[in-house]
Structures are given as structure tokens and as C-alpha cells.
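Colleague: The structure that follows is given in the form of C-alpha cells.
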Amino acid sequence: RGGEDTVHVTLVNRGPTLAFSVHLRVLKGKGGPELIPTFWTDNFLELLPGETQDVTATYSLRGLGASQPVVSVEGWNVARKEQGIGNRE
């Protein structure tokens with residue numbers, strides 16, 4: 001689609017406990033502000049130990065400006081992690 005991009009994310013809980021309230025965001029660069037609007041197929045997830053969940057986000061390229069998109073994942077008991085999207089970095 002013109003002006004939009006999509007990213008597919010696979011979440012895996014490799015820990016021994018429930019991953020609670022896992023929240024995904026697309027950021028304007030590492031450590032940057034959240035890119036709004038971003039539309040997720042699911043968000044604020046709970047994952048049991050060993051569970052895998054696939055989610056997809058659609059976001060506007062216009063809102064990025066010169067920044068590179070980054071996916072951020074964190075939760076109530078999940079440390080924040082950031083990963084660049086595709087080969088844009």
C-alpha cells in the first residue's frame with residue numbers, strides 16, 4: 001500500500017513464568033518516540049512459558065520522517081527490547 005508498511009513479529013516466551021501484559025510499539029528510531037498511528041493485530045498479550053504468538057503491525061511511512069523504524073517489546077515482567085525493522089538500519 002502507498003505510504004504504509006507492515007511488520008510481522010513472532011513473540012516467544014522462553015522463560016519459566018507467564019509473560020504478562022506484553023506491549024509492542026513501533027518507534028521512530030532506537031529509543032525514539034512511538035510512531036502513531038500503528039495498527040496491531042493484537043497487543044498487550046499474555047504468553048505462557050514456551051508459548052509463541054505472531055502479530056502484525058501496519059504503520060505510516062510518512063510519520064517516520066528520516067528515522068528508521070524499530071519494534072519495541074516490553075511487559076509487566078518483561079524487560080524492554082528493541083529491534084530494527086528489516087534492512088533499513
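Residues are referred to by chain and number: the chain letter is A, B, ... according to the order shown in the C-alpha cells, the number counts from 1 in that chain, and ligands are numbered separately from 1 in the order shown.
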Set the distance at 10 Å and use only C-alpha atoms: which residues neighbour Glu74 of chain A once local chain neighbours fewer than 2 positions away are removed? I'd like the list as a list in words.

Modeller: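 The residues satisfying every condition are Ala19, Phe20, Ser21, Val22, His23, Leu24, Arg25, Phe44, Ser72, Trp76, Asn77, Val78, Ala79, Arg80, Lys81 and Glu82 of chain A.
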
Colleague: Show me, as a ChimeraX atom specification, the residues that have an atom within 12 Å of Pro33 of chain A when counting only C-alpha atoms, minus same-chain residues fewer than 6 positions from it.

Modeller: /A:25-27,63-64,67-72

Colleague: Write out, as a short mmCIF file (atom, residue, chain, number, x, y, z; two decimals), in the first residue's frame, the residues just selected, with N, CA and C atoms.

Modeller:
```
data_model
loop_
_atom_site.label_atom_id
_atom_site.label_comp_id
_atom_site.auth_asym_id
_atom_site.auth_seq_id
_atom_site.Cartn_x
_atom_site.Cartn_y
_atom_site.Cartn_z
N ARG A 25 5.35 -1.78 20.31
CA ARG A 25 5.24 -0.46 19.70
C ARG A 25 6.21 -0.38 18.54
N VAL A 26 5.89 0.45 17.55
CA VAL A 26 6.85 0.83 16.52
C VAL A 26 7.36 2.20 16.90
N LEU A 27 8.69 2.34 16.96
CA LEU A 27 9.32 3.60 17.36
C LEU A 27 9.96 4.29 16.17
N GLY A 63 4.97 9.27 8.83
CA GLY A 63 5.26 9.68 10.19
C GLY A 63 6.69 9.42 10.63
N LEU A 64 7.44 8.61 9.89
CA LEU A 64 8.82 8.29 10.25
C LEU A 64 9.79 9.43 9.98
N SER A 67 13.73 8.97 10.22
CA SER A 67 14.03 7.93 11.20
C SER A 67 13.84 6.54 10.63
N GLN A 68 14.55 5.59 11.23
CA GLN A 68 14.40 4.18 10.87
C GLN A 68 13.42 3.53 11.85
N PRO A 69 12.48 2.70 11.36
CA PRO A 69 11.51 2.07 12.27
C PRO A 69 12.16 0.99 13.13
N VAL A 70 11.71 0.94 14.37
CA VAL A 70 12.21 -0.03 15.36
C VAL A 70 11.00 -0.60 16.10
N VAL A 71 10.99 -1.92 16.32
CA VAL A 71 9.95 -2.54 17.15
C VAL A 71 10.45 -2.62 18.58
N SER A 72 9.61 -2.18 19.51
CA SER A 72 9.89 -2.25 20.94
C SER A 72 8.91 -3.22 21.58
#
```

Colleague: I'd like the interatomic distance between atom CA of Ser60 of chain A and atom CA of Val7 of chain A, to a tenth of an Å.

Modeller: 11.5 Å

Colleague: Residues within 10 Å of Ala66 of chain A, please, as a ChimeraX atom specification. Count only C-alpha atoms; anything in the same chain fewer than 4 positions from it doesn't count.

Modeller: /A:28-29,61-62

Colleague: Could you jot down the atom CA of Leu48 of chain A to atom CA of Glu34 of chain A separation for me, Å, one decimal place?

Modeller: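 Taking atom CA of Leu48 of chain A as the start and atom CA of Glu34 of chain A as the end point, the length is 26.8 Å.
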
Colleague: Which residues are close to Pro49 of chain A, i.e. within 12 Å by only C-alpha atoms, leaving aside same-chain residues fewer than 3 positions away? Reply as a ChimeraX atom specification.

Modeller: /A:11-20,46,52-53

Colleague: Taking C-alpha atoms for each residue, export the selection above as a tab-separated table (two decimals), in the first residue's frame.

Modeller:
```
chain	number	residue	atom	x	y	z
A	11	LEU	CA	6.96	-13.44	20.19
A	12	VAL	CA	8.29	-16.44	22.13
A	13	ASN	CA	8.22	-16.80	25.91
A	14	ARG	CA	11.43	-18.71	26.66
A	15	GLY	CA	11.12	-18.08	30.40
A	16	PRO	CA	9.71	-20.30	33.15
A	17	THR	CA	6.83	-17.93	34.07
A	18	LEU	CA	3.94	-16.14	32.43
A	19	ALA	CA	4.94	-13.08	30.35
A	20	PHE	CA	2.32	-10.56	31.46
A	46	GLU	CA	0.00	-12.78	27.95
A	52	THR	CA	4.58	-18.43	20.66
A	53	GLN	CA	2.37	-15.65	19.24
```

Colleague: Write out as a PDB file with N, CA, C and O atoms, in the first residue's frame which residues come within 8 Å of His8 of chain A when counting only C-alpha atoms, dropping same-chain ones fewer than 2 positions away.

Modeller:
```pdb
ATOM      1  N   THR A   6       4.307  -2.806   6.622  1.00  0.00           N
ATOM      2  CA  THR A   6       3.835  -3.830   7.550  1.00  0.00           C
ATOM      3  C   THR A   6       5.029  -4.575   8.110  1.00  0.00           C
ATOM      4  O   THR A   6       6.006  -4.817   7.398  1.00  0.00           O
ATOM      5  N   THR A  10       7.209 -12.291  15.686  1.00  0.00           N
ATOM      6  CA  THR A  10       6.934 -13.544  16.392  1.00  0.00           C
ATOM      7  C   THR A  10       7.480 -13.411  17.807  1.00  0.00           C
ATOM      8  O   THR A  10       8.682 -13.194  17.997  1.00  0.00           O
ATOM      9  N   ASP A  54       2.222 -14.845  16.957  1.00  0.00           N
ATOM     10  CA  ASP A  54       2.552 -13.995  15.817  1.00  0.00           C
ATOM     11  C   ASP A  54       1.609 -12.804  15.782  1.00  0.00           C
ATOM     12  O   ASP A  54       0.398 -12.968  15.934  1.00  0.00           O
ATOM     13  N   VAL A  55       2.162 -11.607  15.579  1.00  0.00           N
ATOM     14  CA  VAL A  55       1.367 -10.383  15.454  1.00  0.00           C
ATOM     15  C   VAL A  55       1.899  -9.579  14.269  1.00  0.00           C
ATOM     16  O   VAL A  55       3.041  -9.743  13.851  1.00  0.00           O
ATOM     17  N   THR A  56       1.046  -8.723  13.746  1.00  0.00           N
ATOM     18  CA  THR A  56       1.399  -7.890  12.602  1.00  0.00           C
ATOM     19  C   THR A  56       1.025  -6.452  12.901  1.00  0.00           C
ATOM     20  O   THR A  56      -0.011  -6.192  13.497  1.00  0.00           O
ATOM     21  N   ALA A  57       1.895  -5.530  12.469  1.00  0.00           N
ATOM     22  CA  ALA A  57       1.633  -4.099  12.623  1.00  0.00           C
ATOM     23  C   ALA A  57       1.656  -3.445  11.254  1.00  0.00           C
ATOM     24  O   ALA A  57       2.478  -3.774  10.405  1.00  0.00           O
TER      25      ALA A  57
END
```

Colleague: When you look at Pro37 of chain A with a cut-off of 8 Å (counting only C-alpha atoms), what residues show up, excluding the ones that are within fewer than 2 positions of it in the same chain? I need them as an NGL selection string.

Modeller: :A and (35 or 39 or 59-60)

Colleague: Pick out the closest residue to Gly3 of chain A from this set: A:Gly31, A:Gly50, A:Gly65, A:Gly75. Count only C-alpha atoms.

Modeller: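 When distances to Gly3 of chain A are compared using only C-alpha atoms, the smallest one comes from A:Gly65.
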
Colleague: DSSP on the backbone, strand (DSSP E or B) only: what residues of chain A does that give? Format it as number ranges by chain.

Modeller: A: 4-12, 19-28, 34, 38-40, 45-47, 52-60, 69-75, 78-84

Colleague: So that I have them on file, write out the residues from the current selection with N, CA and C atoms, as a CSV table (one decimal), in the first residue's frame.

Modeller:
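Result file part_17.csv:
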```csv
chain,number,residue,atom,x,y,z
A,4,GLU,N,2.3,3.2,3.5
A,4,GLU,CA,2.3,2.3,4.6
A,4,GLU,C,3.3,1.1,4.5
A,5,ASP,N,3.6,0.6,5.6
A,5,ASP,CA,4.5,-0.6,5.6
A,5,ASP,C,3.9,-1.5,6.7
A,6,THR,N,4.3,-2.8,6.6
A,6,THR,CA,3.8,-3.8,7.6
A,6,THR,C,5.0,-4.6,8.1
A,7,VAL,N,5.0,-4.9,9.4
A,7,VAL,CA,6.0,-5.7,10.0
A,7,VAL,C,5.3,-6.9,10.7
A,8,HIS,N,5.9,-8.1,10.6
A,8,HIS,CA,5.4,-9.3,11.3
A,8,HIS,C,6.4,-9.6,12.4
A,9,VAL,N,5.8,-9.9,13.6
A,9,VAL,CA,6.7,-10.1,14.8
A,9,VAL,C,6.2,-11.4,15.4
A,10,THR,N,7.2,-12.3,15.7
A,10,THR,CA,6.9,-13.5,16.4
A,10,THR,C,7.5,-13.4,17.8
A,11,LEU,N,6.6,-13.5,18.8
A,11,LEU,CA,7.0,-13.4,20.2
A,11,LEU,C,7.1,-14.9,20.7
A,12,VAL,N,8.1,-15.1,21.5
A,12,VAL,CA,8.3,-16.4,22.1
A,12,VAL,C,8.6,-16.2,23.6
A,19,ALA,N,4.6,-14.4,30.8
A,19,ALA,CA,4.9,-13.1,30.4
A,19,ALA,C,3.7,-12.3,30.3
A,20,PHE,N,3.6,-11.3,31.2
A,20,PHE,CA,2.3,-10.6,31.5
A,20,PHE,C,2.3,-9.2,30.8
A,21,SER,N,1.2,-8.9,30.2
A,21,SER,CA,0.9,-7.5,29.6
A,21,SER,C,2.1,-7.1,28.7
A,22,VAL,N,2.4,-8.0,27.7
A,22,VAL,CA,3.4,-7.7,26.7
A,22,VAL,C,2.9,-6.7,25.7
A,23,HIS,N,3.6,-5.6,25.6
A,23,HIS,CA,3.2,-4.4,24.8
A,23,HIS,C,4.2,-4.2,23.7
A,24,LEU,N,3.7,-4.1,22.5
A,24,LEU,CA,4.5,-3.8,21.3
A,24,LEU,C,4.3,-2.4,20.8
A,25,ARG,N,5.4,-1.8,20.3
A,25,ARG,CA,5.2,-0.5,19.7
A,25,ARG,C,6.2,-0.4,18.5
A,26,VAL,N,5.9,0.4,17.5
A,26,VAL,CA,6.9,0.8,16.5
A,26,VAL,C,7.4,2.2,16.9
A,27,LEU,N,8.7,2.3,17.0
A,27,LEU,CA,9.3,3.6,17.4
A,27,LEU,C,10.0,4.3,16.2
A,28,LYS,N,10.1,5.6,16.3
A,28,LYS,CA,10.9,6.4,15.3
A,28,LYS,C,12.4,6.3,15.7
A,34,GLU,N,7.1,6.9,20.0
A,34,GLU,CA,6.2,5.9,19.4
A,34,GLU,C,5.7,6.5,18.1
A,38,THR,N,-0.1,3.3,14.6
A,38,THR,CA,0.3,2.0,14.3
A,38,THR,C,-0.8,1.0,14.7
A,39,PHE,N,-1.2,0.2,13.8
A,39,PHE,CA,-2.3,-0.7,14.0
A,39,PHE,C,-1.8,-2.2,14.1
A,40,TRP,N,-2.0,-2.8,15.3
A,40,TRP,CA,-1.5,-4.1,15.6
A,40,TRP,C,-2.7,-5.1,15.5
A,45,LEU,N,-0.4,-8.6,25.4
A,45,LEU,CA,-0.5,-10.1,25.4
A,45,LEU,C,0.0,-10.7,26.7
A,46,GLU,N,-0.5,-11.9,26.9
A,46,GLU,CA,0.0,-12.8,28.0
A,46,GLU,C,0.5,-14.0,27.2
A,47,LEU,N,1.7,-14.5,27.6
A,47,LEU,CA,2.3,-15.7,27.0
A,47,LEU,C,2.7,-16.6,28.0
A,52,THR,N,4.2,-19.3,21.8
A,52,THR,CA,4.6,-18.4,20.7
A,52,THR,C,3.3,-17.7,20.1
A,53,GLN,N,3.5,-16.4,19.8
A,53,GLN,CA,2.4,-15.7,19.2
A,53,GLN,C,2.9,-14.8,18.1
A,54,ASP,N,2.2,-14.8,17.0
A,54,ASP,CA,2.6,-14.0,15.8
A,54,ASP,C,1.6,-12.8,15.8
A,55,VAL,N,2.2,-11.6,15.6
A,55,VAL,CA,1.4,-10.4,15.5
A,55,VAL,C,1.9,-9.6,14.3
A,56,THR,N,1.0,-8.7,13.7
A,56,THR,CA,1.4,-7.9,12.6
A,56,THR,C,1.0,-6.5,12.9
A,57,ALA,N,1.9,-5.5,12.5
A,57,ALA,CA,1.6,-4.1,12.6
A,57,ALA,C,1.7,-3.4,11.3
A,58,THR,N,0.7,-2.5,11.1
A,58,THR,CA,0.8,-1.6,9.9
A,58,THR,C,1.0,-0.2,10.4
A,59,TYR,N,1.9,0.5,9.8
A,59,TYR,CA,2.2,1.8,10.2
A,59,TYR,C,2.5,2.7,9.0
A,60,SER,N,2.4,4.0,9.2
A,60,SER,CA,2.5,5.0,8.2
A,60,SER,C,4.0,5.4,8.0
A,69,PRO,N,12.5,2.7,11.4
A,69,PRO,CA,11.5,2.1,12.3
A,69,PRO,C,12.2,1.0,13.1
A,70,VAL,N,11.7,0.9,14.4
A,70,VAL,CA,12.2,0.0,15.4
A,70,VAL,C,11.0,-0.6,16.1
A,71,VAL,N,11.0,-1.9,16.3
A,71,VAL,CA,9.9,-2.5,17.1
A,71,VAL,C,10.4,-2.6,18.6
A,72,SER,N,9.6,-2.2,19.5
A,72,SER,CA,9.9,-2.2,20.9
A,72,SER,C,8.9,-3.2,21.6
A,73,VAL,N,9.4,-4.1,22.4
A,73,VAL,CA,8.6,-5.1,23.1
A,73,VAL,C,9.0,-5.0,24.6
A,74,GLU,N,8.0,-4.9,25.5
A,74,GLU,CA,8.2,-4.9,26.9
A,74,GLU,C,6.9,-5.3,27.6
A,75,GLY,N,7.0,-5.7,28.8
A,75,GLY,CA,5.8,-6.1,29.6
A,75,GLY,C,6.0,-5.9,31.1
A,78,VAL,N,8.6,-8.2,31.7
A,78,VAL,CA,9.4,-8.5,30.5
A,78,VAL,C,10.3,-7.2,30.3
A,79,ALA,N,11.6,-7.4,30.3
A,79,ALA,CA,12.5,-6.3,30.0
A,79,ALA,C,12.3,-5.7,28.6
A,80,ARG,N,12.5,-4.4,28.5
A,80,ARG,CA,12.3,-3.8,27.2
A,80,ARG,C,13.4,-4.2,26.2
A,81,LYS,N,13.0,-4.6,25.0
A,81,LYS,CA,13.9,-4.9,23.9
A,81,LYS,C,13.5,-4.2,22.7
A,82,GLU,N,14.5,-3.7,21.9
A,82,GLU,CA,14.2,-3.0,20.6
A,82,GLU,C,15.0,-3.7,19.5
A,83,GLN,N,14.3,-3.8,18.3
A,83,GLN,CA,14.9,-4.4,17.2
A,83,GLN,C,14.5,-3.6,15.9
A,84,GLY,N,15.5,-3.3,15.1
A,84,GLY,CA,15.3,-2.6,13.9
A,84,GLY,C,14.4,-3.4,12.9
```
